[in-house]
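Content type mmCIF, C-alpha atoms, from the file work-v1.cif:
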```cif
data_my_file
#
loop_
_atom_site.group_PDB
_atom_site.id
_atom_site.type_symbol
_atom_site.label_atom_id
_atom_site.label_comp_id
_atom_site.auth_asym_id
_atom_site.auth_seq_id
_atom_site.Cartn_x
_atom_site.Cartn_y
_atom_site.Cartn_z
ATOM 1 C CA MET A 1368 -4.131 7.553 -38.218
ATOM 2 C CA LYS A 1369 -1.036 6.260 -36.381
ATOM 3 C CA GLU A 1370 -2.373 7.307 -32.936
ATOM 4 C CA PHE A 1371 -5.758 5.707 -33.637
ATOM 5 C CA ILE A 1372 -4.147 2.380 -34.583
ATOM 6 C CA LYS A 1373 -1.915 2.491 -31.486
ATOM 7 C CA VAL A 1374 -4.939 2.928 -29.185
ATOM 8 C CA MET A 1375 -6.935 0.232 -30.964
ATOM 9 C CA LYS A 1376 -4.031 -2.226 -30.782
ATOM 10 C CA ALA A 1377 -3.646 -1.483 -27.076
ATOM 11 C CA LEU A 1378 -7.283 -2.462 -26.559
ATOM 12 C CA SER A 1379 -7.016 -5.613 -28.670
ATOM 13 C CA ASP A 1380 -5.975 -7.806 -25.740
ATOM 14 C CA PRO A 1381 -8.613 -8.974 -23.213
ATOM 15 C CA ASN A 1382 -6.201 -8.641 -20.261
ATOM 16 C CA ARG A 1383 -5.480 -5.024 -21.170
ATOM 17 C CA VAL A 1384 -9.197 -4.255 -21.310
ATOM 18 C CA LYS A 1385 -9.677 -5.912 -17.889
ATOM 19 C CA LEU A 1386 -6.714 -3.937 -16.587
ATOM 20 C CA LEU A 1387 -8.337 -0.674 -17.696
ATOM 21 C CA LYS A 1388 -11.621 -1.712 -16.084
ATOM 22 C CA ILE A 1389 -9.965 -2.292 -12.704
ATOM 23 C CA LEU A 1390 -8.004 0.950 -12.958
ATOM 24 C CA GLN A 1391 -11.379 2.685 -13.271
ATOM 25 C CA GLN A 1392 -11.934 1.663 -9.646
ATOM 26 C CA LYS A 1393 -8.659 2.964 -8.148
ATOM 27 C CA GLU A 1394 -4.923 3.383 -8.595
ATOM 28 C CA LEU A 1395 -3.074 0.097 -8.384
ATOM 29 C CA CYS A 1396 0.504 -1.120 -8.263
ATOM 30 C CA VAL A 1397 1.785 -3.982 -10.403
ATOM 31 C CA CYS A 1398 1.412 -6.583 -7.616
ATOM 32 C CA GLU A 1399 -2.223 -5.587 -7.047
ATOM 33 C CA ILE A 1400 -2.945 -5.841 -10.770
ATOM 34 C CA GLN A 1401 -1.163 -9.185 -10.871
ATOM 35 C CA ALA A 1402 -3.285 -10.493 -7.982
ATOM 36 C CA ALA A 1403 -6.525 -9.203 -9.508
ATOM 37 C CA LEU A 1404 -5.926 -10.599 -12.987
ATOM 38 C CA GLY A 1405 -4.039 -13.751 -11.972
ATOM 39 C CA ILE A 1406 -1.258 -13.228 -14.515
ATOM 40 C CA ALA A 1407 2.528 -13.076 -14.124
ATOM 41 C CA GLN A 1408 4.308 -9.863 -13.118
ATOM 42 C CA PRO A 1409 6.309 -9.583 -16.377
ATOM 43 C CA THR A 1410 3.058 -9.934 -18.339
ATOM 44 C CA VAL A 1411 1.406 -7.182 -16.275
ATOM 45 C CA SER A 1412 4.397 -4.922 -16.864
ATOM 46 C CA LYS A 1413 4.285 -5.604 -20.618
ATOM 47 C CA HIS A 1414 0.567 -4.776 -20.758
ATOM 48 C CA LEU A 1415 1.104 -1.577 -18.756
ATOM 49 C CA LYS A 1416 3.864 -0.498 -21.130
ATOM 50 C CA VAL A 1417 1.555 -0.946 -24.144
ATOM 51 C CA LEU A 1418 -1.278 0.951 -22.436
ATOM 52 C CA GLU A 1419 1.067 3.725 -21.324
ATOM 53 C CA SER A 1420 2.505 4.062 -24.823
ATOM 54 C CA ALA A 1421 -1.046 4.469 -26.187
ATOM 55 C CA GLY A 1422 -1.752 7.254 -23.677
ATOM 56 C CA LEU A 1423 -4.342 5.264 -21.733
ATOM 57 C CA VAL A 1424 -2.409 4.729 -18.480
ATOM 58 C CA GLY A 1425 -0.058 6.857 -16.426
ATOM 59 C CA ARG A 1426 2.098 6.152 -13.402
ATOM 60 C CA ARG A 1427 3.042 7.912 -10.221
ATOM 61 C CA LYS A 1428 5.782 6.967 -7.751
ATOM 62 C CA GLU A 1429 4.697 6.776 -4.107
ATOM 63 C CA GLY A 1430 7.359 5.515 -1.710
ATOM 64 C CA LEU A 1431 8.139 1.915 -2.606
ATOM 65 C CA TRP A 1432 5.298 1.623 -5.078
ATOM 66 C CA VAL A 1433 4.630 2.825 -8.572
ATOM 67 C CA ASN A 1434 0.901 3.415 -8.875
ATOM 68 C CA TYR A 1435 -0.851 3.130 -12.203
ATOM 69 C CA THR A 1436 -3.952 5.092 -13.071
ATOM 70 C CA LEU A 1437 -6.033 5.976 -16.095
ATOM 71 C CA THR A 1438 -4.994 9.137 -17.878
ATOM 72 C CA GLY A 1439 -7.234 11.777 -19.348
ATOM 73 C CA GLY A 1440 -6.219 10.274 -22.670
ATOM 74 C CA GLY A 1441 -3.004 11.004 -24.499
ATOM 75 C CA SER A 1442 -4.925 11.607 -27.703
ATOM 76 C CA PRO A 1443 -8.536 12.329 -28.652
ATOM 77 C CA TYR A 1444 -8.899 8.624 -29.500
ATOM 78 C CA ALA A 1445 -7.621 7.497 -26.089
ATOM 79 C CA ALA A 1446 -9.798 10.048 -24.289
ATOM 80 C CA THR A 1447 -12.919 9.015 -26.190
ATOM 81 C CA LEU A 1448 -12.345 5.316 -25.630
ATOM 82 C CA LEU A 1449 -11.599 5.778 -21.924
ATOM 83 C CA GLY A 1450 -14.739 7.868 -21.561
ATOM 84 C CA ASN A 1451 -16.883 5.236 -23.238
ATOM 85 C CA LEU A 1452 -15.206 2.329 -21.457
ATOM 86 C CA LYS A 1453 -16.764 3.596 -18.216
ATOM 87 C CA TYR A 1454 -20.104 2.386 -19.569
ATOM 88 C CA TRP A 1455 -18.947 -0.686 -21.434
ATOM 89 C CA LEU A 1456 -18.495 -4.178 -19.972
ATOM 90 C CA SER A 1457 -19.650 -3.276 -16.456
ATOM 91 C CA GLU A 1458 -22.177 -6.103 -16.633
ATOM 92 C CA ASP A 1459 -19.676 -8.629 -17.987
ATOM 93 C CA ALA A 1460 -19.431 -11.509 -15.482
ATOM 94 C CA GLU A 1461 -15.636 -11.802 -15.739
ATOM 95 C CA VAL A 1462 -15.089 -8.072 -15.276
ATOM 96 C CA ARG A 1463 -17.495 -7.945 -12.311
ATOM 97 C CA LYS A 1464 -15.694 -10.868 -10.652
ATOM 98 C CA ILE A 1465 -12.305 -9.150 -11.006
ATOM 99 C CA VAL A 1466 -13.643 -5.817 -9.721
ATOM 100 C CA GLU A 1467 -15.209 -7.543 -6.704
ATOM 101 C CA LYS A 1468 -11.870 -9.219 -5.962
ATOM 102 C CA LEU A 1469 -10.198 -5.786 -5.625
ATOM 103 C CA SER A 1470 -11.645 -5.171 -2.157
ATOM 104 C CA ASP A 1471 -9.765 -8.222 -0.813
ATOM 105 C CA ILE A 1472 -6.410 -7.258 -2.318
ATOM 106 C CA GLU A 1473 -4.025 -5.494 0.055
ATOM 107 C CA ARG A 1474 -0.655 -4.474 -1.351
ATOM 108 C CA GLU A 1475 1.127 -4.758 1.986
ATOM 109 C CA GLU A 1476 -0.022 -8.367 2.319
ATOM 110 C CA ILE A 1477 0.928 -9.218 -1.266
ATOM 111 C CA CYS A 1478 4.401 -7.665 -0.948
ATOM 112 C CA ARG A 1479 5.070 -9.535 2.289
ATOM 113 C CA LYS A 1480 4.615 -12.832 0.427
ATOM 114 C CA THR A 1481 7.091 -12.004 -2.338
#
```
Target encoding structure tokens, full file:
Amino acid sequence: MKEFIKVMKALSDPNRVKLLKILQQKELCVCEIQAALGIAQPTVSKHLKVLESAGLVGRRKEGLWVNYTLTGGGSPYAATLLGNLKYWLSEDAEVRKIVEKLSDIEREEICRKT
């Protein structure tokens, strides 16, 4: 039951759900996620830590960047929810707007500004 509760708590925040929806599109670094969601870098990092702890998100170092991606699911609960999330909320106006914004986000440009 502990793993189930951990996954459900991870999905209890709207920004974490949006974060998972954009990671369905492609791997992203923290600055790209920050630009897409319009939230502060420490907040993005906190959300990623919760999602990673629940087995929903993984990371991979690539040069200067740490890329975040969806996992296959750290538990049967995480795997099932990630599988279903592919079909959920795709028509939500807020999610669609954020996903559309991804094509204009370039990490090199973002990092040059910071």
Going by the chain IDs and residue numbers used in this file, which residues fall under the PyMOL selection byres ((chain A and resi 1386-1397) around 9)? Write them as JSON, numbers by chain. {"A": [1381, 1382, 1383, 1384, 1385, 1398, 1399, 1400, 1401, 1402, 1403, 1404, 1408, 1411, 1412, 1414, 1415, 1418, 1423, 1424, 1426, 1432, 1433, 1434, 1435, 1436, 1437, 1449, 1452, 1453, 1456, 1457, 1462, 1465, 1466, 1469, 1474]}
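Using all atoms listed in the file, the protein and nucleic acid residues lying no more than 12 Å from Ser1420 of chain A, apart from those fewer than 6 places from it along its own chain, are A:Glu1370, A:Ile1372, A:Lys1373, A:Val1374, A:Met1375, A:Lys1376, A:Ala1377, A:Leu1378, A:Lys1413, A:His1414, A:Arg1426, A:Thr1438, A:Gly1440, A:Gly1441, A:Ser1442, A:Ala1445.
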What does the file look like for those residues with C-alpha atoms, as a compact mmCIF listing (two decimals), keeping the file's coordinate frame?
```txt
# COMPACT_ATOMS: atom_id res chain seq x y z
CA GLU A 1370 -2.37 7.31 -32.94
CA ILE A 1372 -4.15 2.38 -34.58
CA LYS A 1373 -1.92 2.49 -31.49
CA VAL A 1374 -4.94 2.93 -29.18
CA MET A 1375 -6.94 0.23 -30.96
CA LYS A 1376 -4.03 -2.23 -30.78
CA ALA A 1377 -3.65 -1.48 -27.08
CA LEU A 1378 -7.28 -2.46 -26.56
CA LYS A 1413 4.28 -5.60 -20.62
CA HIS A 1414 0.57 -4.78 -20.76
CA ARG A 1426 2.10 6.15 -13.40
CA THR A 1438 -4.99 9.14 -17.88
CA GLY A 1440 -6.22 10.27 -22.67
CA GLY A 1441 -3.00 11.00 -24.50
CA SER A 1442 -4.92 11.61 -27.70
CA ALA A 1445 -7.62 7.50 -26.09
```
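Closest approach to Ala1446 of chain A among A:Glu1461, A:Ser1379, A:Gly1422, A:Gly1405 is made by A:Gly1422 (distances from all atoms listed in the file).
Between atom CA of Gly1425 of chain A and atom CA of Ser1470 of chain A lies a distance of 22.0 Å.
Nearest-residue note for Leu1431 of chain A: choosing from A:Val1417, A:Glu1475, A:Thr1410, A:Pro1443, the minimum distance belongs to A:Glu1475, counting only C-alpha atoms.
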Could you work out how far atom CA of Lys1428 of chain A lies from atom CA of Trp1455 of chain A, giving the answer in Å with one decimal? 29.3 Å
Would you mind telling me which residue in A:Ala1407, A:Ala1460, A:Leu1448, A:Ile1477 lies nearest to Ala1421 of chain A when using only C-alpha atoms? A:Leu1448
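Taking all atoms listed in the file into account, Gly1439 of chain A lies nearest to A:Glu1419 out of the set A:Lys1468, A:Ile1406, A:Glu1419, A:Tyr1454.
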What box, with edges along x, y and z, holds each listed atom of segment 1415-1421 of chain A when 4 Å is added on every side, and can you state its centre and edge lengths in Å to one decimal, as AutoDock Vina command-line options?
```
--center_x 1.3 --center_y 1.4 --center_z -22.5 --size_x 13.1 --size_y 14.0 --size_z 15.4
```
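We find atom CA of Lys1369 of chain A and atom CA of Arg1427 of chain A to be spaced 26.5 Å apart.
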